[in-house]
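Dumped structure-v6.txt below, it's compact mmCIF, C-alpha atoms:
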```txt
# COMPACT_ATOMS: atom_id res chain seq x y z
CA MET A 1 -3.09 2.27 11.73
CA PHE A 2 -6.73 2.55 10.66
CA ASN A 3 -5.40 4.11 7.47
CA ILE A 4 -4.31 0.67 6.35
CA PHE A 5 -7.90 -0.31 5.66
CA ASP A 6 -8.20 2.68 3.34
CA ILE A 7 -4.86 1.99 1.69
CA SER A 8 -5.39 -1.72 1.13
CA GLY A 9 -9.02 -1.12 0.23
CA SER A 10 -8.07 1.41 -2.44
CA ALA A 11 -5.51 -1.01 -3.83
CA MET A 12 -8.07 -3.83 -3.97
CA ASN A 13 -10.45 -1.47 -5.69
CA ALA A 14 -7.83 -0.49 -8.26
CA GLN A 15 -6.82 -4.09 -8.89
CA SER A 16 -10.43 -5.13 -9.37
CA VAL A 17 -10.85 -2.37 -11.95
CA ARG A 18 -7.80 -3.81 -13.67
CA LEU A 19 -9.30 -7.31 -13.54
CA ASN A 20 -12.51 -5.90 -14.97
CA THR A 21 -10.74 -4.34 -17.92
CA VAL A 22 -8.89 -7.60 -18.58
CA ALA A 23 -12.19 -9.47 -18.50
CA SER A 24 -13.71 -6.93 -20.87
CA ASN A 25 -10.74 -7.16 -23.24
CA LEU A 26 -10.78 -10.96 -23.29
CA ALA A 27 -14.54 -11.10 -23.69
CA ASN A 28 -14.44 -8.76 -26.67
CA ALA A 29 -11.41 -10.33 -28.35
CA ASP A 30 -13.64 -11.85 -31.02
CA THR A 31 -16.08 -9.00 -31.42
CA VAL A 32 -15.87 -8.11 -35.10
CA SER A 33 -17.27 -5.06 -36.82
CA SER A 34 -17.64 -3.80 -40.37
CA THR A 35 -15.62 -0.58 -40.05
CA PRO A 36 -12.22 0.06 -38.43
CA ASP A 37 -13.69 2.89 -36.30
CA GLN A 38 -16.25 0.74 -34.54
CA VAL A 39 -13.79 -1.93 -33.46
CA TYR A 40 -13.49 -2.55 -29.73
CA GLN A 41 -10.20 -1.19 -28.41
CA ALA A 42 -8.36 -2.84 -25.54
CA LYS A 43 -8.76 -0.85 -22.30
CA HIS A 44 -6.03 -0.42 -19.72
CA PRO A 45 -6.25 1.37 -16.38
CA ILE A 46 -3.57 3.86 -15.33
CA PHE A 47 -2.81 3.77 -11.60
CA SER A 48 -1.60 6.71 -9.63
CA GLU A 49 -0.69 7.39 -6.04
CA LEU A 50 -3.50 8.66 -3.81
CA LEU A 51 -2.07 10.76 -1.02
CA GLN A 52 -4.17 10.83 2.12
CA GLU A 53 -5.94 14.10 2.69
CA ALA A 54 -6.24 13.82 6.44
CA GLY A 55 -3.80 12.22 8.82
CA GLY A 56 -1.61 11.12 5.96
CA LYS A 57 1.47 12.94 7.08
CA GLN A 58 3.37 9.68 7.38
CA GLY A 59 3.78 9.44 3.64
CA ALA A 60 1.50 6.43 3.35
CA ALA A 61 -0.53 6.48 0.16
CA GLY A 62 -3.31 4.49 -1.42
CA VAL A 63 -3.94 3.88 -5.10
CA GLN A 64 -6.48 5.33 -7.46
CA VAL A 65 -7.33 4.58 -11.05
CA LYS A 66 -6.46 7.87 -12.72
CA GLU A 67 -7.95 7.02 -16.07
CA ILE A 68 -8.71 4.12 -18.36
CA VAL A 69 -6.94 4.47 -21.68
CA GLU A 70 -7.88 2.72 -24.88
CA SER A 71 -5.26 0.98 -26.92
CA THR A 72 -4.29 2.70 -30.16
CA ALA A 73 -3.23 -0.51 -31.89
CA PRO A 74 -4.68 -0.69 -35.43
CA PRO A 75 -7.48 -3.29 -35.74
CA LEU A 76 -6.82 -6.57 -37.50
CA VAL A 77 -8.31 -6.91 -40.97
CA ARG A 78 -9.62 -10.27 -42.13
CA TYR A 79 -10.94 -11.05 -45.59
CA GLU A 80 -14.22 -12.93 -45.06
CA PRO A 81 -16.64 -12.05 -47.85
CA ASN A 82 -19.28 -14.46 -46.53
CA HIS A 83 -19.42 -12.84 -43.11
CA PRO A 84 -22.69 -10.92 -42.58
CA LEU A 85 -20.75 -7.90 -41.28
CA ALA A 86 -18.24 -7.77 -44.15
CA ASP A 87 -17.88 -4.42 -45.89
CA ALA A 88 -17.89 -3.79 -49.68
CA GLN A 89 -14.37 -5.15 -50.03
CA GLY A 90 -15.28 -8.30 -48.08
CA ASN A 91 -13.21 -7.31 -45.04
CA ILE A 92 -14.14 -7.55 -41.36
CA TYR A 93 -12.24 -5.85 -38.57
CA SER A 94 -11.42 -7.39 -35.21
CA PRO A 95 -9.73 -5.83 -32.15
CA ASN A 96 -5.98 -6.10 -31.82
CA ILE A 97 -5.87 -7.74 -28.39
CA ASN A 98 -2.73 -9.43 -27.20
CA MET A 99 -3.95 -12.53 -25.34
CA VAL A 100 -0.60 -13.23 -23.66
CA GLU A 101 -0.38 -9.68 -22.39
CA GLU A 102 -3.93 -9.82 -21.06
CA MET A 103 -3.39 -13.13 -19.28
CA ALA A 104 -0.15 -11.88 -17.71
CA ASN A 105 -2.00 -8.74 -16.66
CA MET A 106 -4.72 -10.86 -15.10
CA MET A 107 -2.26 -12.93 -13.07
CA SER A 108 -0.40 -9.85 -11.91
CA ALA A 109 -3.66 -8.19 -10.86
CA SER A 110 -4.89 -11.22 -8.95
CA ARG A 111 -1.56 -11.66 -7.17
CA SER A 112 -1.54 -7.99 -6.18
CA TYR A 113 -5.12 -8.31 -4.97
CA GLN A 114 -4.18 -11.31 -2.84
CA ASN A 115 -1.21 -9.40 -1.45
CA ASN A 116 -3.47 -6.60 -0.31
CA VAL A 117 -6.00 -8.97 1.21
CA GLU A 118 -3.14 -10.49 3.19
CA VAL A 119 -2.03 -7.07 4.40
CA PHE A 120 -5.62 -6.23 5.31
CA ASN A 121 -6.07 -9.42 7.36
CA THR A 122 -2.74 -9.09 9.14
CA SER A 123 -3.46 -5.48 10.05
CA LYS A 124 -6.88 -6.45 11.33
CA GLN A 125 -5.35 -9.14 13.53
CA LEU A 126 -2.81 -6.67 14.89
CA LEU A 127 -5.52 -4.12 15.63
CA MET A 128 -7.72 -6.69 17.35
CA ALA A 129 -4.76 -7.76 19.47
CA THR A 130 -4.15 -4.13 20.34
CA LEU A 131 -7.76 -3.65 21.34
CA ASN A 132 -7.47 -6.63 23.66
CA LEU A 133 -4.39 -5.19 25.32
CA GLY A 134 -4.60 -5.30 29.08
CA ARG A 135 -7.51 -7.71 29.30
CA MET B 1 8.29 2.82 42.22
CA ALA B 2 9.67 6.32 42.22
CA SER B 3 9.75 6.44 38.44
CA GLY B 4 5.99 6.96 38.28
CA ILE B 5 3.28 4.97 36.63
CA ASP B 6 3.55 6.84 33.32
CA ASN B 7 6.99 5.38 32.75
CA VAL B 8 5.99 1.80 33.33
CA PHE B 9 5.75 0.93 29.66
CA GLY B 10 9.16 2.37 28.90
CA ILE B 11 10.36 2.07 25.36
CA HIS B 12 7.48 -0.12 24.24
CA GLU B 13 4.94 2.68 24.05
CA GLN B 14 6.95 4.58 21.44
CA ALA B 15 7.98 1.35 19.76
CA LEU B 16 4.34 0.32 19.29
CA ARG B 17 3.46 3.67 17.73
CA LEU B 18 6.42 3.53 15.36
CA ARG B 19 5.63 -0.05 14.39
CA ALA B 20 2.03 0.91 13.65
CA GLN B 21 3.21 3.76 11.43
CA ARG B 22 5.70 1.51 9.72
CA THR B 23 2.93 -1.01 9.07
CA GLU B 24 1.03 1.75 7.28
CA LEU B 25 4.04 2.66 5.20
CA LEU B 26 4.69 -0.94 4.17
CA ALA B 27 1.00 -1.44 3.39
CA SER B 28 1.21 1.61 1.17
CA ASN B 29 4.24 0.15 -0.60
CA LEU B 30 2.38 -3.10 -1.26
CA ALA B 31 -0.72 -1.21 -2.37
CA ASN B 32 1.32 0.74 -4.90
CA ALA B 33 3.18 -2.28 -6.26
CA ASP B 34 1.76 -1.56 -9.74
CA THR B 35 1.71 2.25 -9.67
CA PRO B 36 4.07 3.77 -12.24
CA GLY B 37 6.63 6.10 -10.73
CA TYR B 38 5.92 5.11 -7.12
CA LYS B 39 9.05 4.96 -4.94
CA ALA B 40 9.02 2.45 -2.09
CA LYS B 41 9.53 4.03 1.34
CA ASP B 42 10.57 2.76 4.71
CA ILE B 43 11.71 4.23 8.00
CA ASP B 44 15.06 4.03 9.68
CA PHE B 45 13.50 2.35 12.70
CA GLU B 46 16.44 2.46 15.08
CA ALA B 47 17.12 6.14 14.47
CA ALA B 48 13.41 6.99 14.68
CA LEU B 49 12.99 5.08 17.93
CA SER B 50 16.01 6.64 19.61
CA SER B 51 14.79 10.06 18.50
CA ALA B 52 11.32 9.30 19.84
CA MET B 53 12.84 8.21 23.14
CA SER B 54 14.82 11.40 23.44
CA GLY B 55 11.68 13.36 22.64
CA SER B 56 12.93 15.19 19.57
CA GLY B 57 11.43 14.78 16.13
CA GLY B 58 13.07 13.56 13.00
CA GLN B 59 16.11 15.11 11.41
CA GLU B 60 14.20 17.52 9.22
CA THR B 61 11.48 18.31 11.70
CA ALA B 62 13.70 18.98 14.70
CA LEU B 63 13.41 22.74 15.03
CA LYS B 64 15.35 24.69 17.58
CA THR B 65 13.41 26.98 19.87
CA THR B 66 15.59 29.95 20.63
CA SER B 67 12.94 32.26 22.04
CA LYS B 68 10.14 31.87 24.54
CA GLY B 69 7.60 32.86 21.88
CA HIS B 70 8.58 30.00 19.56
CA ILE B 71 6.13 27.17 19.28
CA LYS B 72 7.71 24.00 20.51
CA ASN B 73 8.16 21.23 18.00
CA ILE B 74 5.49 18.73 18.89
CA SER B 75 6.30 16.09 16.33
CA GLY B 76 8.43 14.10 18.79
CA GLY B 77 7.77 10.40 18.39
CA ASP B 78 6.64 10.71 14.81
CA MET B 79 8.59 9.13 12.05
CA ASP B 80 8.10 11.96 9.56
CA GLY B 81 11.76 12.90 9.39
CA TRP B 82 12.89 9.31 9.16
CA ILE B 83 11.13 8.23 6.02
CA LYS B 84 13.67 7.14 3.46
CA TYR B 85 13.34 5.80 -0.03
CA ARG B 86 14.30 2.18 -0.45
CA VAL B 87 17.19 1.39 -2.76
CA PRO B 88 15.78 -1.15 -5.23
CA HIS B 89 17.67 -4.18 -6.44
CA GLN B 90 15.92 -4.14 -9.80
CA PRO B 91 13.90 -0.98 -10.48
CA ALA B 92 11.12 -1.35 -13.02
CA LEU B 93 11.17 0.57 -16.29
CA ASP B 94 8.08 2.56 -15.30
CA GLY B 95 9.95 4.09 -12.36
CA ASN B 96 8.32 1.88 -9.71
CA THR B 97 10.77 0.67 -7.06
CA VAL B 98 8.47 -1.64 -5.09
CA GLU B 99 9.78 -5.18 -4.88
CA SER B 100 6.90 -7.26 -3.57
CA HIS B 101 9.01 -9.95 -1.94
CA VAL B 102 11.12 -7.40 -0.04
CA GLU B 103 8.01 -5.56 1.13
CA GLN B 104 6.24 -8.79 2.10
CA ALA B 105 9.23 -9.88 4.17
CA ALA B 106 9.47 -6.49 5.84
CA PHE B 107 5.72 -6.45 6.49
CA ALA B 108 5.73 -9.93 8.03
CA ARG B 109 8.69 -9.09 10.21
CA ASN B 110 7.14 -5.83 11.29
CA ALA B 111 3.88 -7.60 12.16
CA VAL B 112 5.69 -10.11 14.36
CA GLU B 113 7.65 -7.35 16.04
CA TYR B 114 4.44 -5.43 16.63
CA GLN B 115 2.98 -8.50 18.32
CA ALA B 116 6.14 -8.86 20.40
CA THR B 117 5.78 -5.27 21.56
CA LEU B 118 2.13 -5.95 22.37
CA GLN B 119 3.20 -8.94 24.46
CA PHE B 120 5.63 -6.78 26.39
CA LEU B 121 2.95 -4.17 27.02
CA GLY B 122 0.45 -6.83 28.07
CA GLY B 123 2.96 -8.33 30.47
CA LYS B 124 3.67 -4.95 32.01
CA SER B 125 0.01 -4.16 32.52
CA ARG B 126 -0.69 -7.60 33.95
CA GLY B 127 2.19 -7.10 36.35
CA LEU B 128 0.79 -3.74 37.41
CA LEU B 129 -2.68 -5.19 37.91
CA GLN B 130 -1.26 -7.95 40.04
CA ALA B 131 0.64 -5.43 42.11
CA ILE B 132 -2.52 -3.39 42.62
CA LYS B 133 -4.78 -6.31 43.50
CA GLY B 134 -2.24 -8.28 45.40
CA SER B 135 -1.44 -11.82 44.42
CA GLU B 136 -4.41 -14.10 44.13
```
Any chance you could put this one into structure tokens?
Amino acid sequence: MFNIFDISGSAMNAQSVRLNTVASNLANADTVSSTPDQVYQAKHPIFSELLQEAGGKQGAAGVQVKEIVESTAPPLVRYEPNHPLADAQGNIYSPNINMVEEMANMMSASRSYQNNVEVFNTSKQLLMATLNLGR
Amino acid sequence: MASGIDNVFGIHEQALRLRAQRTELLASNLANADTPGYKAKDIDFEAALSSAMSGSGGQETALKTTSKGHIKNISGGDMDGWIKYRVPHQPALDGNTVESHVEQAAFARNAVEYQATLQFLGGKSRGLLQAIKGSE
């Protein structure tokens, strides 16, 4: 039963990485640059199952962030010749970040985080009750 | 009390262990609610409990010992052989079959049942203590 703290903890960790990437994506949504290569690309974490090394024979598994991939969406081109970062053609490039997708991602991550906190607390209560057994 | 003091907790001892393991499994389901390709798991509690009571392991782990030299299967009481994949109502496109509401309901129910088992165990041990000390 002590495994639950590892499992829920790993899930909270993974969800907070996800929240971090969302925050980073939203914060950089308006970061423009003068070449398409330097444009900020939206980052998304990839979750994978983390099987327990020891004592995990029950098939219970935590979560790990396997990698953080960058979006391959082409950057948006805006014609703003007066912009200080504009290139020779008068274009600036901004990241192709889907705000709706990011906000939905954020809500999903925070709900999942809450879920795991709930599991954590309930398990702690059950364990404390077990420790008080027979008193 | 001819049955001996080790039998005083009866079914509840195994039940508590199974419930604890099931809690882990359900926690793992909820933890992996966003993991692509993760399949939600649960145990067939009734079958696992009756197998734990009879002392044999799960279906897959129950090995027959036909010779004295064979090592006896010691996994009795574990739920290893009873883990089954949940049949999802609406599987996600990424292959994940965790449905948060189903898992939350199962987790809540399991937590209450765990507490019920704890109550039974507590009652038994209080009864024993009273029998040892005499009524006060």
For Val112 in chain B: contacts at 12 Å, only C-alpha atoms, fewer than 5 positions along chain excluded, given as a ChimeraX atom specification: /A:122-123,125-126,129 /B:16,19-20,23,105-107,117-119
Just C-alpha atoms for this one: save the residues we selected as an mmCIF file, keeping the file's coordinate frame.
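The resulting file, again.cif, is reproduced below:
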```
data_model
loop_
_atom_site.group_PDB
_atom_site.id
_atom_site.type_symbol
_atom_site.label_atom_id
_atom_site.label_comp_id
_atom_site.auth_asym_id
_atom_site.auth_seq_id
_atom_site.Cartn_x
_atom_site.Cartn_y
_atom_site.Cartn_z
ATOM 1 C CA THR A 122 -2.740 -9.090 9.140
ATOM 2 C CA SER A 123 -3.460 -5.480 10.050
ATOM 3 C CA GLN A 125 -5.350 -9.140 13.530
ATOM 4 C CA LEU A 126 -2.810 -6.670 14.890
ATOM 5 C CA ALA A 129 -4.760 -7.760 19.470
ATOM 6 C CA LEU B 16 4.340 0.320 19.290
ATOM 7 C CA ARG B 19 5.630 -0.050 14.390
ATOM 8 C CA ALA B 20 2.030 0.910 13.650
ATOM 9 C CA THR B 23 2.930 -1.010 9.070
ATOM 10 C CA ALA B 105 9.230 -9.880 4.170
ATOM 11 C CA ALA B 106 9.470 -6.490 5.840
ATOM 12 C CA PHE B 107 5.720 -6.450 6.490
ATOM 13 C CA THR B 117 5.780 -5.270 21.560
ATOM 14 C CA LEU B 118 2.130 -5.950 22.370
ATOM 15 C CA GLN B 119 3.200 -8.940 24.460
#
```
Taking all atoms listed in the file into account, report as number ranges by chain which residues of chain B lie within 7 Å of chain A. B: 20-21, 24-25, 27-28, 30-32, 35-36, 80, 115, 118, 122, 125-126
Range 76-84 of chain A: which residues within 10 Å, counting all atoms listed in the file, same-chain residues fewer than 2 positions away excluded, as a ChimeraX atom specification? /A:32-36,39,73-74,86-97
May I ask for the distance between CA of Ser24 in chain A and CA of Tyr40 in chain A, given in Å to one decimal place?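 Computed distance, CA of Ser24 in chain A to CA of Tyr40 in chain A, equals 9.9 Å.
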Pick the closest to Gln14 in chain B from B:Ala131, B:Ala92, B:Val87, B:Ala52: which is it, counting all atoms listed in the file?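 Among the listed residues, the smallest separation from Gln14 in chain B belongs to B:Ala52.
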Residues proximal to (-9.1, -14.1, -25.5) were defined as those with any atom within 12 Å of that point in the file's coordinates, counting all atoms listed in the file. Which are they, as a PyMOL selection string? chain A and resi 22-31+42+95-103+106
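Reported to one decimal place, the separation of CA of Ala47 in chain B from CA of Leu121 in chain B is 21.6 Å.
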Would you please work out which residue, of A:Leu85, A:Arg18, A:Met128, A:Ser110, is nearest to Lys66 in chain A when using all atoms listed in the file?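 Of all the options, A:Arg18 lies closest to Lys66 in chain A.
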So which one's closest to Pro45 in chain A, B:Ser54, B:Ala48, B:Asp6, B:Asp34? Using all atoms listed in the file, please.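 The shortest atom-to-atom distance to Pro45 in chain A comes from B:Asp34.
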Give the answer as one residue: which of A:Lys124, A:Val117, A:Gln41, A:Val17 has the shortest atom-to-atom distance to Glu67 in chain A, using only C-alpha atoms?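 Closest candidate: A:Val17.
Between CA of Lys41 in chain B and CA of Val98 in chain B the separation is 8.6 Å.
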Looking at all atoms listed in the file, which of B:Ser51, B:Leu26, B:Ala111, B:Leu129 is the one that sits closest to Tyr85 in chain B? B:Leu26
With N, CA and C atoms as the goal, would you fill in the gaps in range 17-35 of chain B and present it as a PDB file, keeping the file's coordinate frame?
```
ATOM      1  N   ARG B  17       3.951   2.622  18.629  1.00  0.00           N
ATOM      2  CA  ARG B  17       3.460   3.670  17.730  1.00  0.00           C
ATOM      3  C   ARG B  17       4.261   3.666  16.424  1.00  0.00           C
ATOM      4  N   LEU B  18       5.577   3.547  16.562  1.00  0.00           N
ATOM      5  CA  LEU B  18       6.420   3.530  15.360  1.00  0.00           C
ATOM      6  C   LEU B  18       6.117   2.317  14.502  1.00  0.00           C
ATOM      7  N   ARG B  19       5.921   1.164  15.164  1.00  0.00           N
ATOM      8  CA  ARG B  19       5.630  -0.050  14.390  1.00  0.00           C
ATOM      9  C   ARG B  19       4.303   0.094  13.649  1.00  0.00           C
ATOM     10  N   ALA B  20       3.327   0.713  14.303  1.00  0.00           N
ATOM     11  CA  ALA B  20       2.030   0.910  13.650  1.00  0.00           C
ATOM     12  C   ALA B  20       2.197   1.795  12.422  1.00  0.00           C
ATOM     13  N   GLN B  21       3.008   2.859  12.572  1.00  0.00           N
ATOM     14  CA  GLN B  21       3.210   3.760  11.430  1.00  0.00           C
ATOM     15  C   GLN B  21       3.986   3.066  10.330  1.00  0.00           C
ATOM     16  N   ARG B  22       4.931   2.229  10.727  1.00  0.00           N
ATOM     17  CA  ARG B  22       5.700   1.510   9.720  1.00  0.00           C
ATOM     18  C   ARG B  22       4.811   0.522   8.974  1.00  0.00           C
ATOM     19  N   THR B  23       3.877  -0.103   9.721  1.00  0.00           N
ATOM     20  CA  THR B  23       2.930  -1.010   9.070  1.00  0.00           C
ATOM     21  C   THR B  23       2.173  -0.286   7.968  1.00  0.00           C
ATOM     22  N   GLU B  24       1.746   0.957   8.280  1.00  0.00           N
ATOM     23  CA  GLU B  24       1.030   1.750   7.280  1.00  0.00           C
ATOM     24  C   GLU B  24       1.879   1.999   6.051  1.00  0.00           C
ATOM     25  N   LEU B  25       3.136   2.340   6.311  1.00  0.00           N
ATOM     26  CA  LEU B  25       4.040   2.660   5.200  1.00  0.00           C
ATOM     27  C   LEU B  25       4.260   1.445   4.308  1.00  0.00           C
ATOM     28  N   LEU B  26       4.449   0.277   4.954  1.00  0.00           N
ATOM     29  CA  LEU B  26       4.690  -0.940   4.170  1.00  0.00           C
ATOM     30  C   LEU B  26       3.427  -1.356   3.431  1.00  0.00           C
ATOM     31  N   ALA B  27       2.272  -1.143   4.071  1.00  0.00           N
ATOM     32  CA  ALA B  27       1.000  -1.440   3.390  1.00  0.00           C
ATOM     33  C   ALA B  27       0.856  -0.557   2.164  1.00  0.00           C
ATOM     34  N   SER B  28       1.285   0.687   2.311  1.00  0.00           N
ATOM     35  CA  SER B  28       1.210   1.610   1.170  1.00  0.00           C
ATOM     36  C   SER B  28       2.149   1.172   0.053  1.00  0.00           C
ATOM     37  N   ASN B  29       3.326   0.658   0.422  1.00  0.00           N
ATOM     38  CA  ASN B  29       4.240   0.150  -0.600  1.00  0.00           C
ATOM     39  C   ASN B  29       3.608  -1.007  -1.366  1.00  0.00           C
ATOM     40  N   LEU B  30       2.988  -1.935  -0.600  1.00  0.00           N
ATOM     41  CA  LEU B  30       2.380  -3.100  -1.260  1.00  0.00           C
ATOM     42  C   LEU B  30       1.177  -2.678  -2.094  1.00  0.00           C
ATOM     43  N   ALA B  31       0.450  -1.670  -1.613  1.00  0.00           N
ATOM     44  CA  ALA B  31      -0.720  -1.210  -2.370  1.00  0.00           C
ATOM     45  C   ALA B  31      -0.304  -0.594  -3.695  1.00  0.00           C
ATOM     46  N   ASN B  32       0.866   0.045  -3.695  1.00  0.00           N
ATOM     47  CA  ASN B  32       1.320   0.740  -4.900  1.00  0.00           C
ATOM     48  C   ASN B  32       2.302  -0.090  -5.722  1.00  0.00           C
ATOM     49  N   ALA B  33       2.226  -1.424  -5.565  1.00  0.00           N
ATOM     50  CA  ALA B  33       3.180  -2.280  -6.260  1.00  0.00           C
ATOM     51  C   ALA B  33       3.088  -2.148  -7.775  1.00  0.00           C
ATOM     52  N   ASP B  34       1.940  -1.668  -8.286  1.00  0.00           N
ATOM     53  CA  ASP B  34       1.760  -1.560  -9.740  1.00  0.00           C
ATOM     54  C   ASP B  34       1.587  -0.110 -10.195  1.00  0.00           C
ATOM     55  N   THR B  35       1.883   0.839  -9.308  1.00  0.00           N
ATOM     56  CA  THR B  35       1.710   2.250  -9.670  1.00  0.00           C
ATOM     57  C   THR B  35       2.961   2.780 -10.346  1.00  0.00           C
TER      58      THR B  35
END
```
